[in-house]
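Below is one structure, written out as structure tokens; comments come after it.
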Amino acid sequence: MTKAEMVAEISNVTGVEKEKALKVIEAMMVVVKEKTADGEDIFLRGFGTFTTKTRAAKIGRLIKENKSVVVPEHKIPYFKPCEDYKNLLAK
């Protein structure tokens with residue numbers, strides 16, 4: 001599903017104009033990106049948690065050049081679905 005399809009679906013379900021639904025979705029994406037980048041977790045009860053994880057530094061390989069390189073410690077975005085969501089996916 002694309003963002004445009006999601007906007008249309010939300011508009012149909014709620015009766016809100018597509019432009020307003022688009023603004024809300026885009027604002028939510030901005031807030032999630034900014035807050036998780038600042039180290040905050042976002043808990044959406046009944047949906048899941050947006051957070052960041054830290055990947056430890058490690059030794060990687062450049063196969064074409066047959067070299068070892070150090071991949072530094074870095075953060076990655078992470079989404080953990082709630083139990084109800086997990087159970088829905090498991091069916």
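The way I read the labels, and the way they are meant: chains A, B, ... in the order of the structure tokens, residue 1 as the first residue of every chain, and ligand 1 as the first ligand shown, with later ones counted on from there.
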- Would you kindly return, as a count of residues only, each protein, DNA or RNA residue with an atom no farther than 6 Å from any atom of Glu73 (chain A), considering only C-alpha atoms and excluding same-chain residues fewer than 2 positions away? 3
If you take only C-alpha atoms and a cut-off of 10 Å, which residues of region 58-84 of chain A touch region 41-44 of chain A, and what are their nearest atom pairs and distances in Å to one decimal, in chain and number order, as JSON lines?
```
{"residue": "A:Tyr78", "atom": "CA", "partner": "A:Asp41", "partner_atom": "CA", "distance": 9.9}
{"residue": "A:Phe79", "atom": "CA", "partner": "A:Ile42", "partner_atom": "CA", "distance": 9.6}
{"residue": "A:Lys80", "atom": "CA", "partner": "A:Phe43", "partner_atom": "CA", "distance": 9.6}
{"residue": "A:Pro81", "atom": "CA", "partner": "A:Leu44", "partner_atom": "CA", "distance": 9.3}
{"residue": "A:Cys82", "atom": "CA", "partner": "A:Leu44", "partner_atom": "CA", "distance": 8.8}
```
- Query: If we count only C-alpha atoms, what is near Asp84 (chain A) at a cut-off of 12 Å, once residues fewer than 6 positions away on the same chain are taken out, given as a ChimeraX atom specification?
  - Reply: /A:45-48,90-91
- Query: Rounded to one decimal in Å, what is the spacing between CA of Lys86 (chain A) and CA of Thr51 (chain A)?
  - Reply: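 Between these atoms lies a distance of 17.2 Å.
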- Message: From the options A:Ala21, A:Val70, A:Val32, A:Ala8, which residue's atoms come nearest to Thr49 (chain A), counting only C-alpha atoms?
- Response: A:Val32
For Gly39 (chain A), work out the shell of residues within 7 Å, counting only C-alpha atoms and skipping chain neighbours fewer than 3 positions away, then give it as a tab-separated table (two decimals) with all heavy atoms, in the first residue's frame.
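What ended up in out-v1.tsv:
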```
chain	number	residue	atom	x	y	z
A	35	LYS	N	11.42	12.41	16.65
A	35	LYS	CA	11.49	11.96	18.05
A	35	LYS	C	12.39	10.74	18.20
A	35	LYS	O	13.15	10.65	19.17
A	35	LYS	CB	10.09	11.67	18.60
A	35	LYS	CG	9.21	12.90	18.69
A	35	LYS	CD	9.85	13.98	19.54
A	35	LYS	CE	9.00	15.22	19.59
A	35	LYS	NZ	9.61	16.30	20.36
A	36	THR	N	12.32	9.78	17.27
A	36	THR	CA	13.20	8.62	17.39
A	36	THR	C	14.65	9.02	17.13
A	36	THR	O	15.56	8.46	17.74
A	36	THR	CB	12.77	7.48	16.45
A	36	THR	OG1	12.68	7.95	15.11
A	36	THR	CG2	11.45	6.87	16.89
A	52	THR	N	14.70	3.20	18.51
A	52	THR	CA	15.96	2.99	17.81
A	52	THR	C	16.76	1.94	18.56
A	52	THR	O	16.64	1.79	19.78
A	52	THR	CB	16.79	4.28	17.70
A	52	THR	OG1	17.00	4.79	19.01
A	52	THR	CG2	16.11	5.31	16.86
```
Contacts of Ile25 (chain A) at 9 Å or less, counting only C-alpha atoms, minus same-chain residues fewer than 5 places along, as an mmCIF file with all heavy atoms, in the first residue's frame?
```
data_model
loop_
_atom_site.group_PDB
_atom_site.id
_atom_site.type_symbol
_atom_site.label_atom_id
_atom_site.label_comp_id
_atom_site.auth_asym_id
_atom_site.auth_seq_id
_atom_site.Cartn_x
_atom_site.Cartn_y
_atom_site.Cartn_z
ATOM 1 N N LYS A 3 1.412 5.551 0.154
ATOM 2 C CA LYS A 3 0.877 6.618 0.991
ATOM 3 C C LYS A 3 -0.428 7.155 0.406
ATOM 4 O O LYS A 3 -1.389 7.416 1.141
ATOM 5 C CB LYS A 3 1.903 7.740 1.153
ATOM 6 C CG LYS A 3 1.441 8.844 2.078
ATOM 7 C CD LYS A 3 2.539 9.789 2.502
ATOM 8 C CE LYS A 3 3.271 10.432 1.388
ATOM 9 N NZ LYS A 3 4.177 11.519 1.814
ATOM 10 N N MET A 6 -3.160 4.812 1.229
ATOM 11 C CA MET A 6 -3.499 4.917 2.646
ATOM 12 C C MET A 6 -4.352 6.156 2.907
ATOM 13 O O MET A 6 -5.325 6.102 3.655
ATOM 14 C CB MET A 6 -2.236 4.961 3.506
ATOM 15 C CG MET A 6 -2.535 5.022 4.992
ATOM 16 S SD MET A 6 -1.056 5.101 6.009
ATOM 17 C CE MET A 6 -0.527 3.405 5.907
ATOM 18 N N VAL A 7 -3.995 7.265 2.281
ATOM 19 C CA VAL A 7 -4.770 8.504 2.426
ATOM 20 C C VAL A 7 -6.198 8.268 1.937
ATOM 21 O O VAL A 7 -7.169 8.652 2.601
ATOM 22 C CB VAL A 7 -4.113 9.664 1.652
ATOM 23 C CG1 VAL A 7 -5.055 10.849 1.526
ATOM 24 C CG2 VAL A 7 -2.823 10.083 2.330
ATOM 25 N N LYS A 20 -6.702 16.698 4.281
ATOM 26 C CA LYS A 20 -6.495 16.700 5.726
ATOM 27 C C LYS A 20 -5.864 15.382 6.179
ATOM 28 O O LYS A 20 -4.983 15.375 7.036
ATOM 29 C CB LYS A 20 -7.808 16.934 6.462
ATOM 30 C CG LYS A 20 -8.309 18.353 6.333
ATOM 31 C CD LYS A 20 -9.577 18.573 7.127
ATOM 32 C CE LYS A 20 -10.071 19.996 6.947
ATOM 33 N NZ LYS A 20 -11.312 20.239 7.691
ATOM 34 N N VAL A 30 6.747 12.766 10.246
ATOM 35 C CA VAL A 30 7.766 13.731 10.673
ATOM 36 C C VAL A 30 8.024 13.594 12.173
ATOM 37 O O VAL A 30 9.179 13.538 12.609
ATOM 38 C CB VAL A 30 7.340 15.179 10.321
ATOM 39 C CG1 VAL A 30 8.221 16.192 11.019
ATOM 40 C CG2 VAL A 30 7.360 15.377 8.823
#
```
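As for CA of Ile76 (chain A) and CA of Gly60 (chain A), they are spaced 17.2 Å apart.
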